[in-house]
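One structure below.
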Amino acid sequence: MPVTVSKPAFNLREALNSLRRKMGLKGSEILRAETVDDVYNVIGRNKNLLINGDMRINQRGGASYTNDSTYTLDRWKVGRYDSNHVQISQQASGLSAFPYCVRIQNPQGQTSNLANEIHLNQALESLDSAFTRGQELTLSFWARMSSAAGISRGASATIYFGAGTDNYVDYDYFAANAVGAVSKNFSLDATWKRYSVTAVAPTSTNQVGVAITKYNGSVTGQTNDYIEVTGVQLELGSVATPFEYRPYQQELALCQRYFYAINGVIGDRVGSGFVFSATNAIGFISHPVVMRASPSLFVTSQMDINDSINGYTVSAANVTLNKADKHMTALSLVTSGMTAPRGMQFYFTGGAGTIGLSAEI
Amino acid sequence: MYKLMKNVPGLESSVVHKINDDIFIPFDTANSDYQRYLKWLDGYEETHNGWVKTSDGNTPLPADQE
């Protein structure tokens, strides 16, 4: 019995044209991908292990930071070996991809030499580090240096490793349990360029950190002795892939796990609480995200307490820490003449000021 | 220099004030400021060249009395 097989019409010309369809570089990379991980490495998936790599967020609000061993722009800590003179500031980069950069500057009049290079560090917490054991990591960044005459130095980039749990950073290594570091030096010029260094995380790694170092020569008294850095990315693999841009709110929330600033002006509400004696009240601040640890507190503005009947002023010196947890902080507010027990709200009354909560590494 | 804080009458202090930096530090071993305080209690001072052992131990100022 004859069998008839019919096939749909096939347009050979269209099929050939589809093979000639213009395909971008990334499209080709995705087609060549052998694994899901290969695809993610092209399209990104929170691949940047660093936070605030494009230097957008400056919750502390400083126009410049001049003490060493302190945090500056969010998540970036400065260190310098032999003096207390540094100058770190957020600047406009002039780049469309990264509107902001960090300027790492030797203060005017300060001798600059090989021994007192300035490090800008970011340490990951252990919860975000252990999975890197035995894997390649690539640190990449954009940098340029001052075009001022007499400045002909460079930078170095370091990936460093620790075996401890959330150890803090000294200069450009973990203060305890350091287990290795890989550095690379670069000669910069006045044009933005991208640089990178790759390292393999030791199998004992429980913490990863990076440092960008202003690598000095012998310069004294220069007014523009600086380098500028932005677009810093640390990712798995041996190749620096395009910088991963994250929405501002997402980046801010990532920063707030480590530092939360309430920057207020007169009248801005901070929180609520209760008056429990004529002189003492407790005020609560809910953290927008769960912080890494119970945070330390600093306060730069006086507060007013209002219990819906009367108002009371509390000087900044009398706003202290009562109790801190990862999700909430209780402030102790001390003044006089209050009536207890009453509920209350408290708010800024001393002009622009800051309540800072720090759970940095 | 550090000073213990007595924030709530009757409760043992669980906050220390780092006077030079004017920050208030909770007693949490995960807090890096508290880690530095513990190091200071052990007799170390933080310098530009790292930690230097300067004594057998340091003592914070006591909390204010009621």
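Following the order of the structure tokens, first chain is A, next is B, and so on, with residues numbered from 1 inside each chain and ligands from 1 in the order they appear.
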Item to complete: Name the residues in contact with Met5 of chain B at a cut-off of 9 Å, using only C-alpha atoms, excluding same-chain residues fewer than 3 positions from it; report them as a list of chain:residue names.
Response: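 Skipping anything fewer than 3 positions along the chain leaves A:Thr320, A:Leu321, A:Asn322, B:Glu12, B:Ser13, B:Ser14, B:Val15, B:Val16, B:His17, B:Phe24, B:Pro62, B:Ala63, B:Asp64.
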Go ahead and save the picked residues with N, CA, C and O atoms, as a PDB file, in the first residue's frame.
ATOM      1  N   THR A 320      23.297  58.994  73.243  1.00  0.00           N
ATOM      2  CA  THR A 320      24.284  57.914  73.266  1.00  0.00           C
ATOM      3  C   THR A 320      23.608  56.585  72.941  1.00  0.00           C
ATOM      4  O   THR A 320      22.408  56.534  72.692  1.00  0.00           O
ATOM      5  N   LEU A 321      24.422  55.560  72.953  1.00  0.00           N
ATOM      6  CA  LEU A 321      23.913  54.232  72.585  1.00  0.00           C
ATOM      7  C   LEU A 321      23.399  53.504  73.816  1.00  0.00           C
ATOM      8  O   LEU A 321      24.121  53.356  74.804  1.00  0.00           O
ATOM      9  N   ASN A 322      22.168  53.069  73.746  1.00  0.00           N
ATOM     10  CA  ASN A 322      21.615  52.244  74.815  1.00  0.00           C
ATOM     11  C   ASN A 322      21.818  50.765  74.515  1.00  0.00           C
ATOM     12  O   ASN A 322      22.346  50.018  75.321  1.00  0.00           O
TER      13      ASN A 322
ATOM     14  N   GLU B  12      23.962  46.212  83.826  1.00  0.00           N
ATOM     15  CA  GLU B  12      25.409  46.211  83.628  1.00  0.00           C
ATOM     16  C   GLU B  12      25.732  46.863  82.285  1.00  0.00           C
ATOM     17  O   GLU B  12      24.979  46.705  81.316  1.00  0.00           O
ATOM     18  N   SER B  13      26.838  47.574  82.253  1.00  0.00           N
ATOM     19  CA  SER B  13      27.195  48.270  81.021  1.00  0.00           C
ATOM     20  C   SER B  13      27.451  47.294  79.882  1.00  0.00           C
ATOM     21  O   SER B  13      28.127  46.283  80.061  1.00  0.00           O
ATOM     22  N   SER B  14      26.899  47.595  78.716  1.00  0.00           N
ATOM     23  CA  SER B  14      27.183  46.786  77.531  1.00  0.00           C
ATOM     24  C   SER B  14      27.548  47.676  76.355  1.00  0.00           C
ATOM     25  O   SER B  14      27.432  47.282  75.203  1.00  0.00           O
ATOM     26  N   VAL B  15      27.955  48.895  76.675  1.00  0.00           N
ATOM     27  CA  VAL B  15      28.375  49.864  75.664  1.00  0.00           C
ATOM     28  C   VAL B  15      29.612  50.580  76.197  1.00  0.00           C
ATOM     29  O   VAL B  15      29.704  50.871  77.390  1.00  0.00           O
ATOM     30  N   VAL B  16      30.573  50.835  75.301  1.00  0.00           N
ATOM     31  CA  VAL B  16      31.748  51.598  75.699  1.00  0.00           C
ATOM     32  C   VAL B  16      31.900  52.788  74.749  1.00  0.00           C
ATOM     33  O   VAL B  16      31.588  52.693  73.555  1.00  0.00           O
ATOM     34  N   HIS B  17      32.329  53.897  75.305  1.00  0.00           N
ATOM     35  CA  HIS B  17      32.499  55.132  74.537  1.00  0.00           C
ATOM     36  C   HIS B  17      33.971  55.304  74.186  1.00  0.00           C
ATOM     37  O   HIS B  17      34.808  55.362  75.095  1.00  0.00           O
ATOM     38  N   PHE B  24      30.150  55.290  70.066  1.00  0.00           N
ATOM     39  CA  PHE B  24      29.644  54.397  71.106  1.00  0.00           C
ATOM     40  C   PHE B  24      29.600  52.977  70.542  1.00  0.00           C
ATOM     41  O   PHE B  24      29.014  52.744  69.473  1.00  0.00           O
ATOM     42  N   PRO B  62      35.594  54.281  84.368  1.00  0.00           N
ATOM     43  CA  PRO B  62      34.333  53.708  84.856  1.00  0.00           C
ATOM     44  C   PRO B  62      33.136  54.515  84.364  1.00  0.00           C
ATOM     45  O   PRO B  62      33.251  55.691  84.019  1.00  0.00           O
ATOM     46  N   ALA B  63      31.995  53.863  84.376  1.00  0.00           N
ATOM     47  CA  ALA B  63      30.772  54.567  84.006  1.00  0.00           C
ATOM     48  C   ALA B  63      30.421  55.597  85.065  1.00  0.00           C
ATOM     49  O   ALA B  63      30.793  55.463  86.240  1.00  0.00           O
ATOM     50  N   ASP B  64      29.729  56.649  84.640  1.00  0.00           N
ATOM     51  CA  ASP B  64      29.260  57.652  85.606  1.00  0.00           C
ATOM     52  C   ASP B  64      28.332  57.008  86.619  1.00  0.00           C
ATOM     53  O   ASP B  64      27.559  56.104  86.291  1.00  0.00           O
TER      54      ASP B  64
END
Item to complete: Give me, as a PyMOL selection string, the contact residues of chain A against chain B at a cut-off of 9 Å, counting only C-alpha atoms.
Response: chain A and resi 68-69+79-84+165-168+170-171+175+280+292-299+320-325+332+358-361
Worksheet, complete the sentence: In Å and to one decimal, atom CA of Ser286 of chain A is distant from atom CA of Asn46 of chain A by 26.7 Å
Contacts of Asp56 of chain B at 9 Å (only C-alpha atoms; same-chain gap of 6+ positions) as a PDB file with C-alpha atoms, in the first residue's frame:
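The resulting file, selection-v3.pdb, is reproduced below:
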ATOM      1  CA  LEU B  41      42.213  45.940  76.838  1.00  0.00           C
ATOM      2  CA  ASP B  42      45.022  43.435  76.211  1.00  0.00           C
ATOM      3  CA  GLY B  43      47.561  46.263  76.337  1.00  0.00           C
ATOM      4  CA  TYR B  44      47.919  47.160  72.658  1.00  0.00           C
TER       5      TYR B  44
END
Worksheet item: What does the distance from atom CA of Gly61 of chain A to atom CA of Arg75 of chain A come to in Å, to one decimal?
Response: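 That distance, rounded to one decimal, is 13.2 Å.
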Worksheet item: Do you have the atom CA of Asp268 of chain A-atom CA of Ile285 of chain A distance handy?
Response: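 Computed distance, atom CA of Asp268 of chain A to atom CA of Ile285 of chain A, equals 13.3 Å.
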Worksheet item: Contacts of Thr158 of chain A at 6 Å or less, counting only C-alpha atoms, minus same-chain residues fewer than 6 places along, as a list of chain:residue names?
Response: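 With the cut-off at 6 Å, the set is A:Val182, A:Ser183, A:Val210, A:Ala211.
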Put those residues in a file: all heavy atoms, as a tab-separated table (two decimals), in the first residue's frame.
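Contents of part_8.tsv, freshly written:
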chain	number	residue	atom	x	y	z
A	182	VAL	N	48.11	38.84	46.17
A	182	VAL	CA	48.70	38.99	44.84
A	182	VAL	C	48.56	40.45	44.44
A	182	VAL	O	47.46	41.01	44.49
A	182	VAL	CB	47.99	38.08	43.81
A	182	VAL	CG1	48.52	38.36	42.41
A	182	VAL	CG2	48.19	36.62	44.18
A	183	SER	N	49.68	41.06	44.05
A	183	SER	CA	49.67	42.48	43.67
A	183	SER	C	50.24	42.66	42.27
A	183	SER	O	51.01	41.82	41.78
A	183	SER	CB	50.53	43.30	44.65
A	183	SER	OG	49.93	43.40	45.89
A	210	VAL	N	40.36	43.64	48.74
A	210	VAL	CA	41.12	44.24	47.64
A	210	VAL	C	41.65	45.60	48.10
A	210	VAL	O	41.08	46.23	48.99
A	210	VAL	CB	40.26	44.43	46.37
A	210	VAL	CG1	39.68	43.10	45.92
A	210	VAL	CG2	39.15	45.44	46.61
A	211	ALA	N	42.73	46.00	47.48
A	211	ALA	CA	43.29	47.33	47.75
A	211	ALA	C	43.74	47.96	46.45
A	211	ALA	O	44.37	47.30	45.62
A	211	ALA	CB	44.46	47.24	48.72
Practice prompt. From a DSSP calculation on the backbone, collect every residue of segment 10-137 of chain A in strand (DSSP E) and output the set as a ChimeraX atom specification.
Written response: /A:70-71,77-80,87-92,100-105,118-123,136-137
Worksheet entry | Residue contacts of Thr213 of chain A (9 Å, only C-alpha atoms) excluding same-chain residues fewer than 3 positions away, as a ChimeraX atom specification | /A:104,117-121,154-158,172,216
Worksheet item: Given the choices A:Ala317, A:Val275, A:Met145, A:Ile262, which gets closest to Phe348 of chain A if the distance is worked out from only C-alpha atoms?
Response: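 Closest candidate: A:Ile262.
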Practice prompt. Go through segment 210-308 of chain A and collect every residue that DSSP, computed from the backbone, puts in helix (DSSP H, G or I); the answer should be as a list in words.
Written response: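 Of segment 210-308 of chain A, the ones in helix (DSSP H, G or I) are Tyr248, Gln249, Gln250, Glu251, Leu252, Ala253, Leu254, Cys255 and Gln256 of chain A.
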Worksheet item: Could you name the residues that touch Arg194 of chain A at 12 Å or less, counting only C-alpha atoms, but leaving out those on the same chain fewer than 5 positions away, as a ChimeraX atom specification?
Response: /A:139-144,157,186-189,228-233,240-243
Fill in: Residues near Pro60 of chain B, cut-off 8 Å, only C-alpha atoms, skip fewer than 2 positions along chain, as a list in words
Met1, Tyr2, Lys3, Leu4, Leu41, Asn58 and Pro62 of chain B
Discussion item. I need the residue nearest Thr349 of chain A from this list: A:Ser336, A:Asn310, A:Gln302, A:Gln122. Use only C-alpha atoms for the distance.
Written reply: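 Residue with the minimum atom-to-atom distance to Thr349 of chain A: A:Gln302.
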